[in-house]
$ cat entry26.txt   # compact mmCIF, C-alpha atoms and all ligand atoms
# COMPACT_ATOMS: atom_id res chain seq x y z
CA MET V 1118 114.87 96.09 122.90
CA SER V 1119 115.63 92.98 124.99
CA ASP V 1120 118.24 90.40 124.09
CA PHE V 1121 116.81 87.78 121.76
CA SER V 1122 117.53 86.24 118.40
CA VAL V 1123 115.22 85.19 115.58
CA ARG V 1124 115.64 82.08 113.44
CA LEU V 1125 113.67 79.55 111.44
CA LEU V 1126 112.00 76.95 113.64
CA ARG V 1127 112.93 73.30 113.33
CA SER V 1128 109.93 71.08 112.66
CA ASP V 1129 110.15 69.63 116.21
CA GLU V 1130 109.74 73.17 117.61
CA GLU V 1131 106.58 74.00 115.70
CA ARG V 1132 104.12 72.57 118.18
CA ALA V 1133 105.56 74.69 121.01
CA ALA V 1134 105.30 77.73 118.73
CA THR V 1135 101.67 76.94 117.88
CA ASP V 1136 100.89 76.56 121.60
CA LEU V 1137 102.62 79.87 122.31
CA PHE V 1138 100.51 81.56 119.65
CA ARG V 1139 97.30 80.02 121.00
CA ARG V 1140 98.10 81.06 124.57
CA ALA V 1141 98.81 84.59 123.34
CA LEU V 1142 95.27 84.58 121.87
CA HIS V 1143 93.85 83.03 125.09
CA VAL V 1144 93.03 79.77 123.32
CA LYS V 1145 93.78 76.37 124.88
CA GLU V 1146 96.77 74.39 123.63
CA MET V 1147 96.01 71.60 121.13
CA THR V 1148 95.50 68.01 122.21
CA ASP V 1149 97.66 65.34 120.52
CA GLU V 1150 94.65 64.43 118.41
CA GLU V 1151 94.07 68.03 117.26
CA TRP V 1152 97.76 68.48 116.51
CA SER V 1153 97.89 65.39 114.32
CA ALA V 1154 94.65 66.45 112.55
CA ILE V 1155 96.40 69.56 111.23
CA SER V 1156 99.76 67.94 110.49
CA GLY V 1157 99.37 68.93 106.81
CA SER V 1158 98.91 72.60 107.62
CA ARG V 1159 102.51 73.71 108.11
CA GLN V 1160 104.56 74.80 105.16
CA PRO V 1161 108.17 73.81 105.89
CA SER V 1162 110.70 76.62 106.44
CA ARG V 1163 108.12 79.36 106.93
CA ALA V 1164 107.84 79.51 110.75
CA LEU V 1165 110.09 81.88 112.67
CA GLY V 1166 110.83 81.78 116.38
CA ALA V 1167 112.32 84.39 118.72
CA PHE V 1168 114.53 82.92 121.45
CA ASP V 1169 116.07 84.42 124.63
CA PRO V 1170 117.11 81.45 124.83
CA GLU V 1171 113.58 80.15 125.46
CA LEU V 1172 111.00 80.40 122.69
CA ILE V 1173 109.28 83.75 123.33
CA GLY V 1174 107.64 84.66 120.03
CA THR V 1175 106.66 83.30 116.65
CA ALA V 1176 105.37 84.32 113.21
CA ARG V 1177 104.55 82.16 110.21
CA SER V 1178 103.63 82.53 106.57
CA PHE V 1179 102.35 80.51 103.60
CA ASP V 1180 103.25 80.97 99.97
CA SER V 1181 100.37 82.35 97.96
CA GLU V 1182 99.65 84.77 95.16
CA VAL V 1183 97.34 87.75 95.05
CA THR V 1184 95.15 89.21 92.31
CA LEU V 1185 95.99 92.83 91.48
CA PRO V 1186 93.97 95.67 89.98
CA GLY V 1187 93.99 94.93 86.26
CA GLY V 1188 93.80 91.16 86.78
CA GLY V 1189 97.50 90.29 87.04
CA THR V 1190 98.88 88.27 89.94
CA THR V 1191 102.02 88.41 92.02
CA PRO V 1192 103.58 86.16 94.69
CA LEU V 1193 102.37 86.93 98.19
CA ALA V 1194 103.32 85.80 101.69
CA ALA V 1195 100.18 85.10 103.74
CA VAL V 1196 101.27 85.90 107.30
CA SER V 1197 99.63 84.25 110.30
CA LEU V 1198 100.17 82.72 113.75
CA VAL V 1199 101.92 85.81 115.13
CA GLY V 1200 102.31 85.84 118.89
CA VAL V 1201 104.68 86.86 121.66
CA ARG V 1202 104.78 85.21 125.10
CA GLY V 1203 102.78 87.22 127.63
CA ASP V 1204 105.81 87.87 129.86
CA ARG V 1205 107.92 89.17 126.95
CA THR V 1206 105.64 91.67 125.21
CA ARG V 1207 106.53 95.33 124.46
CA ARG V 1208 110.27 94.67 124.23
CA GLY V 1209 110.55 94.65 120.47
CA VAL V 1210 110.07 90.90 119.88
CA LEU V 1211 107.35 91.34 117.24
CA THR V 1212 109.44 94.08 115.65
CA GLY V 1213 112.34 91.60 115.36
CA LEU V 1214 110.07 88.93 113.89
CA MET V 1215 108.58 91.35 111.35
CA ARG V 1216 112.03 92.47 110.27
CA ALA V 1217 113.23 88.88 109.83
CA GLN V 1218 110.08 87.99 107.88
CA PHE V 1219 110.49 90.90 105.47
CA GLU V 1220 114.14 89.99 104.93
CA ASP V 1221 113.10 86.42 104.16
CA PHE V 1222 110.35 87.55 101.74
CA ALA V 1223 112.76 89.90 99.96
CA ALA V 1224 115.42 87.18 99.69
CA ARG V 1225 112.89 84.87 98.06
CA GLY V 1226 111.58 87.58 95.70
CA VAL V 1227 108.14 87.84 97.33
CA PRO V 1228 107.10 91.48 96.85
CA ALA V 1229 104.02 91.61 99.10
CA ALA V 1230 102.58 90.22 102.31
CA MET V 1231 99.05 90.07 103.69
CA LEU V 1232 97.54 89.26 107.05
CA HIS V 1233 94.32 89.43 109.07
CA ALA V 1234 94.95 91.43 112.22
CA SER V 1235 93.77 90.56 115.73
CA GLU V 1236 93.90 94.26 116.65
CA GLY V 1237 93.90 97.38 114.50
CA THR V 1238 96.84 99.04 116.27
CA ILE V 1239 99.55 96.45 115.73
CA TYR V 1240 100.64 96.38 112.11
CA GLY V 1241 100.54 99.91 110.69
CA ARG V 1242 103.97 100.66 112.13
CA PHE V 1243 105.39 97.82 110.05
CA GLY V 1244 103.91 99.24 106.83
CA TYR V 1245 100.79 97.09 106.68
CA GLY V 1246 97.60 98.97 105.81
CA ILE V 1247 93.93 98.05 105.60
CA ALA V 1248 93.73 97.27 101.90
CA ALA V 1249 90.36 95.49 101.99
CA ARG V 1250 87.34 95.88 104.22
CA ALA V 1251 84.30 93.64 104.53
CA LYS V 1252 80.74 93.74 105.83
CA SER V 1253 78.71 91.28 107.87
CA ILE V 1254 75.05 91.10 106.90
CA GLU V 1255 71.79 89.63 108.12
CA ILE V 1256 68.71 88.93 105.99
CA ASP V 1257 65.18 88.63 107.29
CA ARG V 1258 64.32 85.51 105.36
CA HIS V 1259 60.54 85.68 105.88
CA ARG V 1260 60.23 89.21 104.54
CA ALA V 1261 62.90 89.33 101.82
CA ARG V 1262 61.38 88.86 98.32
CA PHE V 1263 63.44 88.70 95.16
CA ARG V 1264 62.87 91.38 92.57
CA PRO V 1265 61.48 89.92 89.33
CA GLU V 1266 64.51 90.88 87.23
CA VAL V 1267 67.02 89.00 89.44
CA PRO V 1268 68.55 86.19 87.33
CA VAL V 1269 66.99 82.80 88.03
CA GLY V 1270 70.39 81.11 88.12
CA GLY V 1271 71.30 77.59 87.10
CA GLU V 1272 71.19 74.19 88.72
CA ILE V 1273 71.94 73.61 92.39
CA SER V 1274 73.25 70.36 93.85
CA LEU V 1275 74.06 69.70 97.51
CA LEU V 1276 77.20 68.23 99.04
CA ASP V 1277 77.35 66.82 102.57
CA LEU V 1278 80.23 67.33 105.00
CA GLU V 1279 82.53 64.64 103.61
CA SER V 1280 81.98 65.67 99.98
CA THR V 1281 82.46 69.31 100.96
CA ILE V 1282 85.84 68.51 102.50
CA GLU V 1283 86.85 66.43 99.51
CA GLN V 1284 85.73 68.91 96.85
CA TRP V 1285 86.48 72.26 98.50
CA PRO V 1286 90.00 72.73 97.07
CA SER V 1287 88.95 71.94 93.50
CA LEU V 1288 85.78 74.05 93.78
CA PHE V 1289 87.75 77.05 95.00
CA ASP V 1290 90.65 76.62 92.57
CA ALA V 1291 88.31 76.33 89.57
CA LEU V 1292 86.73 79.74 90.18
CA PRO V 1293 88.37 82.91 88.89
CA ARG V 1294 89.59 85.24 91.62
CA ILE V 1295 87.40 88.13 90.48
CA ARG V 1296 88.46 90.84 92.93
CA PRO V 1297 91.77 92.56 93.62
CA GLY V 1298 93.13 91.19 96.89
CA MET V 1299 91.83 87.64 96.41
CA ILE V 1300 94.54 85.10 97.11
CA ALA V 1301 95.35 81.58 95.98
CA ARG V 1302 94.69 79.00 98.69
CA SER V 1303 97.82 77.18 99.69
CA PRO V 1304 97.32 73.42 100.22
CA TYR V 1305 98.50 74.10 103.78
CA LEU V 1306 95.30 76.02 104.51
CA TRP V 1307 92.77 73.27 103.87
CA PRO V 1308 93.48 71.06 106.94
CA GLY V 1309 92.56 74.00 109.20
CA TYR V 1310 89.30 74.57 107.33
CA GLU V 1311 88.53 70.87 107.53
CA ARG V 1312 89.09 70.93 111.29
CA GLU V 1313 86.78 73.92 111.57
CA VAL V 1314 83.85 72.34 109.70
CA ARG V 1315 84.26 69.00 111.43
CA ARG V 1316 83.71 70.82 114.73
CA ALA V 1317 80.34 72.20 113.56
CA THR V 1318 77.51 71.09 115.85
CA THR V 1319 74.87 71.05 113.07
CA PRO V 1320 75.13 69.56 109.54
CA VAL V 1321 77.45 71.30 107.11
CA ALA V 1322 76.16 71.59 103.55
CA THR V 1323 77.57 73.02 100.34
CA ALA V 1324 75.29 74.17 97.52
CA VAL V 1325 77.09 74.00 94.18
CA HIS V 1326 75.83 76.17 91.32
CA ARG V 1327 76.14 75.08 87.69
CA GLY V 1328 75.71 77.47 84.80
CA PRO V 1329 75.90 76.72 81.05
CA ASP V 1330 79.70 76.22 81.30
CA GLY V 1331 79.74 74.07 84.43
CA VAL V 1332 80.36 74.87 88.09
CA ASP V 1333 80.54 78.61 88.64
CA GLY V 1334 79.90 79.05 92.35
CA TYR V 1335 79.35 77.42 95.72
CA VAL V 1336 78.23 78.28 99.21
CA THR V 1337 78.97 76.32 102.39
CA TYR V 1338 76.63 76.83 105.34
CA THR V 1339 75.13 75.47 108.54
CA VAL V 1340 71.68 76.04 110.05
CA GLU V 1341 71.59 76.61 113.78
CA ARG V 1342 68.63 76.73 116.13
CA ALA V 1343 69.12 77.15 119.89
CA LYS V 1344 66.10 74.97 120.75
CA PHE V 1345 62.91 73.73 119.12
CA GLY V 1346 60.69 76.70 118.32
CA ALA V 1347 63.52 79.24 118.69
CA GLN V 1348 64.66 81.43 115.78
CA SER V 1349 66.96 79.58 113.42
CA GLU V 1350 69.91 81.04 111.55
CA LEU V 1351 71.48 79.94 108.32
CA LYS V 1352 75.16 80.89 108.67
CA ILE V 1353 77.22 81.19 105.54
CA GLN V 1354 80.69 79.79 106.03
CA SER V 1355 82.06 80.58 102.58
CA PHE V 1356 80.53 81.86 99.36
CA HIS V 1357 82.47 82.14 96.12
CA HIS V 1358 81.17 82.68 92.63
CA ALA V 1359 82.31 83.56 89.13
CA GLY V 1360 79.59 86.02 88.12
CA SER V 1361 76.07 87.37 88.46
CA ALA V 1362 74.13 84.21 87.51
CA ALA V 1363 75.84 82.13 90.20
CA PHE V 1364 75.62 85.01 92.69
CA ALA V 1365 71.85 85.34 92.22
CA GLY V 1366 71.25 81.59 91.86
CA LEU V 1367 73.02 80.80 95.12
CA TRP V 1368 71.19 83.56 97.00
CA ARG V 1369 67.89 82.29 95.61
CA TYR V 1370 68.78 78.84 96.92
CA LEU V 1371 69.83 80.14 100.36
CA LEU V 1372 66.56 82.01 100.83
CA SER V 1373 64.62 78.87 99.87
CA VAL V 1374 66.06 76.67 102.63
CA ASP V 1375 63.25 75.59 104.97
CA LEU V 1376 63.09 76.19 108.72
CA VAL V 1377 65.27 79.29 108.55
CA ASP V 1378 64.38 82.69 110.03
CA ARG V 1379 67.48 84.68 109.18
CA VAL V 1380 70.46 84.27 106.92
CA THR V 1381 73.81 85.70 108.01
CA ALA V 1382 77.13 86.11 106.27
CA GLU V 1383 80.34 87.54 107.68
CA LYS V 1384 83.07 89.40 105.84
CA ARG V 1385 81.43 89.87 102.47
CA PRO V 1386 82.89 92.32 99.92
CA LEU V 1387 81.79 95.87 100.76
CA ASP V 1388 80.18 96.50 97.38
CA GLU V 1389 78.50 93.12 96.94
CA PRO V 1390 74.94 94.17 96.01
CA ILE V 1391 73.03 91.69 98.19
CA GLU V 1392 70.30 94.16 99.23
CA LEU V 1393 69.62 95.00 95.57
CA LEU V 1394 68.31 91.45 95.03
CA PHE V 1395 65.23 92.21 97.12
CA THR V 1396 62.07 94.28 96.64
CA ASP V 1397 62.81 96.02 99.96
CA PRO V 1398 66.55 96.48 100.44
CA ARG V 1399 65.96 97.15 104.17
CA HIS V 1400 65.39 93.45 104.79
CA VAL V 1401 69.18 93.16 104.51
CA THR V 1402 70.97 94.85 107.41
CA VAL V 1403 74.68 95.47 107.64
CA GLN V 1404 75.75 94.33 111.11
CA ASN V 1405 79.25 95.76 110.89
CA ILE V 1406 82.07 96.79 108.58
CA GLN V 1407 85.54 95.58 109.47
CA ASP V 1408 89.08 95.62 108.20
CA GLU V 1409 89.69 92.40 106.28
CA GLY V 1410 93.01 92.15 104.41
CA TRP V 1411 96.07 94.08 105.65
CA LEU V 1412 98.59 94.45 102.85
CA ARG V 1413 102.34 95.23 102.96
CA LEU V 1414 104.20 96.24 99.83
CA VAL V 1415 107.55 94.64 100.65
CA ASP V 1416 109.02 95.75 97.34
CA VAL V 1417 107.24 99.01 96.53
CA ALA V 1418 108.81 99.55 93.08
CA THR V 1419 107.88 96.05 91.88
CA MET V 1420 104.37 96.21 93.29
CA LEU V 1421 103.61 99.65 91.93
CA ASP V 1422 104.63 98.50 88.47
CA ALA V 1423 102.63 95.26 88.72
CA ARG V 1424 99.12 96.75 88.79
CA THR V 1425 97.32 98.84 86.17
CA TYR V 1426 96.24 102.48 86.47
CA ARG V 1427 93.65 104.75 84.87
CA GLY V 1428 93.89 108.38 83.85
CA GLU V 1429 96.75 110.85 84.06
CA VAL V 1430 100.20 110.75 85.64
CA VAL V 1431 100.55 111.06 89.43
CA VAL V 1432 103.91 111.29 91.21
CA ILE V 1433 103.90 109.98 94.78
CA GLU V 1434 106.52 110.39 97.47
CA VAL V 1435 106.62 107.30 99.68
CA THR V 1436 108.09 107.32 103.19
CA ASP V 1437 108.82 103.85 104.52
CA PRO V 1438 110.48 104.07 107.95
CA PHE V 1439 110.56 100.27 108.45
CA LEU V 1440 111.92 99.32 105.00
CA GLU V 1441 113.90 102.45 104.15
CA HIS V 1442 114.97 101.26 100.68
CA ASN V 1443 111.35 101.71 99.53
CA SER V 1444 111.34 105.42 100.37
CA GLY V 1445 111.43 107.71 97.36
CA ARG V 1446 109.38 109.13 94.51
CA TYR V 1447 107.45 107.06 91.99
CA ARG V 1448 105.80 108.16 88.75
CA LEU V 1449 102.54 106.26 88.13
CA SER V 1450 100.57 106.26 84.88
CA GLY V 1451 98.79 103.97 82.45
CA ASP V 1452 102.28 102.96 81.24
CA GLY V 1453 103.26 101.57 84.64
CA ALA V 1454 105.42 102.84 87.48
CA ALA V 1455 109.04 103.87 87.85
CA ARG V 1456 111.22 105.79 90.27
CA THR V 1457 111.51 109.47 89.41
CA THR V 1458 112.99 112.77 90.56
CA GLU V 1459 109.97 114.77 89.37
CA PRO V 1460 108.13 116.79 92.04
CA ALA V 1461 105.54 114.85 94.00
CA ASP V 1462 101.77 115.35 93.77
CA LEU V 1463 101.10 113.23 96.85
CA GLU V 1464 103.02 112.20 99.95
CA VAL V 1465 102.14 108.94 101.71
CA ARG V 1466 103.61 106.60 104.28
CA ALA V 1467 104.03 102.93 103.39
CA ASP V 1468 100.97 101.83 105.39
CA THR V 1469 98.76 104.38 103.61
CA LEU V 1470 100.14 103.34 100.24
CA SER V 1471 98.98 99.79 101.08
CA MET V 1472 95.48 101.19 101.67
CA LEU V 1473 95.47 102.89 98.27
CA TYR V 1474 97.07 100.05 96.38
CA LEU V 1475 94.12 97.68 95.82
CA GLY V 1476 91.61 100.49 95.31
CA GLY V 1477 89.91 100.05 98.69
CA TRP V 1478 90.16 103.71 99.70
CA ARG V 1479 90.12 106.96 97.75
CA ALA V 1480 93.15 109.21 98.03
CA SER V 1481 90.82 112.16 98.72
CA ASP V 1482 89.27 110.36 101.72
CA LEU V 1483 92.69 109.47 103.06
CA ALA V 1484 93.70 113.12 102.59
CA ALA V 1485 90.61 114.23 104.55
CA ALA V 1486 91.86 112.04 107.40
CA GLY V 1487 95.35 113.53 107.13
CA ARG V 1488 96.94 110.34 105.84
CA VAL V 1489 97.75 111.71 102.38
CA ARG V 1490 99.31 115.10 101.69
CA ALA V 1491 98.57 116.50 98.25
CA THR V 1492 99.56 119.56 96.28
CA GLY V 1493 95.84 120.31 95.79
CA GLU V 1494 92.38 119.06 94.84
CA ALA V 1495 93.40 118.43 91.22
CA ALA V 1496 96.13 116.03 92.31
CA LEU V 1497 93.68 114.18 94.56
CA GLU V 1498 91.15 113.91 91.77
CA ARG V 1499 93.80 112.38 89.50
CA ALA V 1500 94.89 110.01 92.28
CA ASP V 1501 91.29 108.91 92.96
CA LEU V 1502 90.94 107.90 89.31
CA LEU V 1503 94.45 106.45 89.04
CA PHE V 1504 94.16 104.01 91.97
CA GLY V 1505 90.41 103.38 91.58
CA THR V 1506 89.23 99.88 90.69
CA ARG V 1507 86.05 98.62 89.05
CA VAL V 1508 85.17 96.45 92.06
CA ASN V 1509 86.17 96.71 95.70
CA PRO V 1510 89.10 94.64 96.91
CA TRP V 1511 88.47 91.58 99.07
CA CYS V 1512 90.76 88.82 100.26
CA GLY V 1513 87.98 86.26 100.88
CA THR V 1514 90.29 83.74 102.53
CA PHE V 1515 90.96 83.53 106.25
CA PHE V 1516 94.40 82.38 107.36
C1 LIG V 1601 98.48 87.91 111.73
C2 LIG V 1601 98.23 87.48 113.14
O1 LIG V 1601 98.58 86.42 113.54
S1 LIG V 1601 97.36 88.55 114.17
C3 LIG V 1601 97.66 87.95 115.81
C4 LIG V 1601 98.61 88.81 116.58
N1 LIG V 1601 98.80 88.21 117.90
C5 LIG V 1601 98.07 88.56 118.97
O2 LIG V 1601 97.21 89.44 118.94
C6 LIG V 1601 98.35 87.80 120.22
C7 LIG V 1601 98.46 88.68 121.46
N2 LIG V 1601 99.48 89.70 121.34
C8 LIG V 1601 100.79 89.44 121.20
O3 LIG V 1601 101.22 88.30 121.10
C9 LIG V 1601 101.74 90.62 121.18
O4 LIG V 1601 101.24 91.64 122.02
C10 LIG V 1601 101.97 91.23 119.76
C11 LIG V 1601 102.47 90.13 118.83
C12 LIG V 1601 100.67 91.81 119.22
C13 LIG V 1601 102.97 92.36 119.88
O5 LIG V 1601 104.23 91.82 120.26
P1 LIG V 1601 105.34 92.72 121.02
O6 LIG V 1601 106.57 91.92 121.05
O7 LIG V 1601 104.77 93.23 122.28
O8 LIG V 1601 105.48 93.92 120.00
P2 LIG V 1601 106.71 94.96 119.99
O9 LIG V 1601 107.29 95.05 121.37
O10 LIG V 1601 107.64 94.63 118.89
O11 LIG V 1601 105.90 96.27 119.67
C14 LIG V 1601 106.32 97.23 118.75
C15 LIG V 1601 105.47 98.46 118.95
O12 LIG V 1601 104.11 98.14 118.74
C16 LIG V 1601 103.31 98.49 119.88
N3 LIG V 1601 102.33 97.42 120.02
C17 LIG V 1601 102.56 96.11 119.87
N4 LIG V 1601 101.42 95.41 120.08
C18 LIG V 1601 100.48 96.32 120.36
C19 LIG V 1601 99.10 96.21 120.66
N5 LIG V 1601 98.50 95.01 120.73
N6 LIG V 1601 98.42 97.34 120.89
C20 LIG V 1601 99.03 98.56 120.84
N7 LIG V 1601 100.36 98.71 120.54
C21 LIG V 1601 101.06 97.60 120.31
C22 LIG V 1601 104.29 98.49 121.02
O13 LIG V 1601 103.85 99.29 122.08
C23 LIG V 1601 105.54 99.04 120.36
O14 LIG V 1601 105.41 100.45 120.25
P3 LIG V 1601 106.69 101.42 120.32
O15 LIG V 1601 107.59 101.01 119.17
O16 LIG V 1601 106.11 102.77 120.18
O17 LIG V 1601 107.31 101.14 121.65

$ encode --input "entry26.txt" --output "structure tokens" --more "lines below"
Ligand SMILES: CC(=O)SCCNC(=O)CCNC(=O)[C@H](O)C(C)(C)COP(=O)(O)OP(=O)(O)OC[C@H]1O[C@@H](n2cnc3c(N)ncnc32)[C@H](O)[C@@H]1OP(=O)(O)O
Amino acid sequence: MSDFSVRLLRSDEERAATDLFRRALHVKEMTDEEWSAISGSRQPSRALGAFDPELIGTARSFDSEVTLPGGGTTPLAAVSLVGVRGDRTRRGVLTGLMRAQFEDFAARGVPAAMLHASEGTIYGRFGYGIAARAKSIEIDRHRARFRPEVPVGGEISLLDLESTIEQWPSLFDALPRIRPGMIARSPYLWPGYEREVRRATTPVATAVHRGPDGVDGYVTYTVERAKFGAQSELKIQSFHHAGSAAFAGLWRYLLSVDLVDRVTAEKRPLDEPIELLFTDPRHVTVQNIQDEGWLRLVDVATMLDARTYRGEVVVIEVTDPFLEHNSGRYRLSGDGAARTTEPADLEVRADTLSMLYLGGWRASDLAAAGRVRATGEAALERADLLFGTRVNPWCGTFF
């Protein structure tokens, strides 16, 4: 490990840190205008810098909260803008930043952290695991026909770009976060989203769905066509809803938009039944499945006790090389979770526990891949039921 120290950045150092992050991702530095456009996007006292004595690395977070299996919520640190200067990589700088971040989260009583990873090999060693995955889909709009039993949905009204920007926070906040892994949107996130939609080269529209009790869903999209006569694509930017009427009503609207050949959506929940809306499910193709939310249980005991479980008792032995105090045995049941000395049914590392935690993977599948060790099939069957959730986890917010 090279000689460097990690500390909180002063506000006058944050632009240099943002530029460092952007260069690390091969993105141009911000102009003065771009920097001032996102001045509201930085939560004070959440950006770390590594110095040797020059600034050589950075990592940031936002305060949020996450929905857990069972419907409860817990504070969460949403980690982003992680980067190390190109001439200082592979010397332990990220490791130092991760350690300092976890110490800060623990000191503030934040038991979990989440991030979206630029590469799949970086964060497992720090105890992050793929807790939520997502699919990107494409619909052949000319051939897709709704099945007759699909709900007709409620009323749709359209917002233009300015109204979208103005109403986005209240639209999102008013909807229930219906899946484990969904997070509250910090006010610091909206300026970045605004910047993104303002850069769109075609009109941005939001369709708002109203059911009997008021607004219960919205979808923001653009329609892009390379040139006159070329295929045009309706691209969904964000789609949130509170239930099946809004889900079906918004899809009905999207498929009714004129001058569109295909409809695409990225990072949708894995089990969202879009293809089941249509007479021929093959008119919806899954383009890819990707990791979405990477979760870290910073305080394993607190997090294990915060979610609900189904079925019989399972004792797990957790090994957490990066945050040693989490290592140990935990007894999980419908009554909650507590440390125990009973013999373990399963052995997992901290990153694999993160994968199990929101119900995104079955223990038996993780065991097949060698990531879970179990005393036998019966223990795995109990663990599958215990961690299982009614719907798949999904973060649904990019940060
Ligand atoms: C949430 C987000 O913001 S995601 C964005 C992350 N940032 C980027 O992708 C920008 C480009 N990359 C970078 O800035 C850096 O390479 C980082 C931040 C990914 C890694 O920083 P480093 O300081 O090099 O990491 P560090 O030296 O602490 O590495 C620790 C270990 O992880 C390994 N590692 C780190 N990054 C990678 C990687 N991208 N691929 C494979 N292994 C990696 C190292 O080899 C090292 O392994 P070891 O302990 O066995 O020796």

$ residues_around --input "entry26.txt" --residues "Thr1337 in chain V" --least-positions-apart "4" --cutoff "10 Å" --atoms "all atoms listed in the file" --output "ChimeraX atom specification"
/V:1275-1278,1281,1285,1314,1321-1325,1352-1357

$ closest_atom_pairs --input "entry26.txt" --of "chain V" --to "ligand LIG 1601 (chain V)" --cutoff "6 Å" --atoms "all atoms listed in the file" --output "JSON lines"
{"residue": "V:Ala1141", "atom": "CA", "partner": "V:LIG1601", "partner_atom": "C6", "distance": 4.5}
{"residue": "V:Leu1142", "atom": "CA", "partner": "V:LIG1601", "partner_atom": "C6", "distance": 4.8}
{"residue": "V:Val1196", "atom": "CA", "partner": "V:LIG1601", "partner_atom": "C1", "distance": 5.6}
{"residue": "V:Ser1197", "atom": "CA", "partner": "V:LIG1601", "partner_atom": "O1", "distance": 4.0}
{"residue": "V:Leu1198", "atom": "CA", "partner": "V:LIG1601", "partner_atom": "O1", "distance": 4.0}
{"residue": "V:Val1199", "atom": "CA", "partner": "V:LIG1601", "partner_atom": "O1", "distance": 3.7}
{"residue": "V:Gly1200", "atom": "CA", "partner": "V:LIG1601", "partner_atom": "O3", "distance": 3.5}
{"residue": "V:Val1201", "atom": "CA", "partner": "V:LIG1601", "partner_atom": "O3", "distance": 3.8}
{"residue": "V:Thr1206", "atom": "CA", "partner": "V:LIG1601", "partner_atom": "O7", "distance": 3.4}
{"residue": "V:Arg1207", "atom": "CA", "partner": "V:LIG1601", "partner_atom": "O9", "distance": 3.2}
{"residue": "V:Arg1208", "atom": "CA", "partner": "V:LIG1601", "partner_atom": "O9", "distance": 4.1}
{"residue": "V:Gly1209", "atom": "CA", "partner": "V:LIG1601", "partner_atom": "O10", "distance": 3.3}
{"residue": "V:Val1210", "atom": "CA", "partner": "V:LIG1601", "partner_atom": "O6", "distance": 3.8}
{"residue": "V:Leu1211", "atom": "CA", "partner": "V:LIG1601", "partner_atom": "O10", "distance": 3.7}
{"residue": "V:Thr1212", "atom": "CA", "partner": "V:LIG1601", "partner_atom": "O10", "distance": 3.7}
{"residue": "V:Leu1232", "atom": "CA", "partner": "V:LIG1601", "partner_atom": "C1", "distance": 5.0}
{"residue": "V:His1233", "atom": "CA", "partner": "V:LIG1601", "partner_atom": "C1", "distance": 5.2}
{"residue": "V:Ala1234", "atom": "CA", "partner": "V:LIG1601", "partner_atom": "S1", "distance": 4.2}
{"residue": "V:Ser1235", "atom": "CA", "partner": "V:LIG1601", "partner_atom": "S1", "distance": 4.4}
{"residue": "V:Thr1238", "atom": "CA", "partner": "V:LIG1601", "partner_atom": "C20", "distance": 5.1}
{"residue": "V:Ile1239", "atom": "CA", "partner": "V:LIG1601", "partner_atom": "C18", "distance": 4.7}

$ write_last_selection --input "entry26.txt" --atoms "C-alpha atoms" --output "PDB file, keeping the file's coordinate frame"
ATOM      1  CA  ALA V1141      98.810  84.590 123.340  1.00  0.00           C
ATOM      2  CA  LEU V1142      95.270  84.580 121.870  1.00  0.00           C
ATOM      3  CA  VAL V1196     101.270  85.900 107.300  1.00  0.00           C
ATOM      4  CA  SER V1197      99.630  84.250 110.300  1.00  0.00           C
ATOM      5  CA  LEU V1198     100.170  82.720 113.750  1.00  0.00           C
ATOM      6  CA  VAL V1199     101.920  85.810 115.130  1.00  0.00           C
ATOM      7  CA  GLY V1200     102.310  85.840 118.890  1.00  0.00           C
ATOM      8  CA  VAL V1201     104.680  86.860 121.660  1.00  0.00           C
ATOM      9  CA  THR V1206     105.640  91.670 125.210  1.00  0.00           C
ATOM     10  CA  ARG V1207     106.530  95.330 124.460  1.00  0.00           C
ATOM     11  CA  ARG V1208     110.270  94.670 124.230  1.00  0.00           C
ATOM     12  CA  GLY V1209     110.550  94.650 120.470  1.00  0.00           C
ATOM     13  CA  VAL V1210     110.070  90.900 119.880  1.00  0.00           C
ATOM     14  CA  LEU V1211     107.350  91.340 117.240  1.00  0.00           C
ATOM     15  CA  THR V1212     109.440  94.080 115.650  1.00  0.00           C
ATOM     16  CA  LEU V1232      97.540  89.260 107.050  1.00  0.00           C
ATOM     17  CA  HIS V1233      94.320  89.430 109.070  1.00  0.00           C
ATOM     18  CA  ALA V1234      94.950  91.430 112.220  1.00  0.00           C
ATOM     19  CA  SER V1235      93.770  90.560 115.730  1.00  0.00           C
ATOM     20  CA  THR V1238      96.840  99.040 116.270  1.00  0.00           C
ATOM     21  CA  ILE V1239      99.550  96.450 115.730  1.00  0.00           C
TER      22      ILE V1239
END

$ atom_distance --input "entry26.txt" --atom1 "CA of Phe1439 in chain V" --atom2 "CA of Asp1422 in chain V"
20.9 Å

$ atom_distance --input "entry26.txt" --atom1 "CA of Val1336 in chain V" --atom2 "CA of His1358 in chain V"
8.4 Å

$ residues_around --input "entry26.txt" --residues "Trp1511 in chain V" --least-positions-apart "5" --cutoff "7 Å" --atoms "all atoms listed in the file" --output "list in words"
Ala1249, Arg1250, Arg1296, Pro1297, Gly1298, Met1299 and Pro1386 of chain V

$ atom_distance --input "entry26.txt" --atom1 "CA of Ala1317 in chain V" --atom2 "CA of Ser1280 in chain V"
15.2 Å

$ closest_residue --input "entry26.txt" --among "V:Ala1423, V:Leu1372, V:Val1435, V:Ala1133" --to "Trp1152 in chain V" --atoms "all atoms listed in the file"
V:Ala1133

$ closest_residue --input "entry26.txt" --among "V:Ile1256, V:Ile1433, V:Val1267, V:Leu1351" --to "Ala1480 in chain V" --atoms "all atoms listed in the file"
V:Ile1433
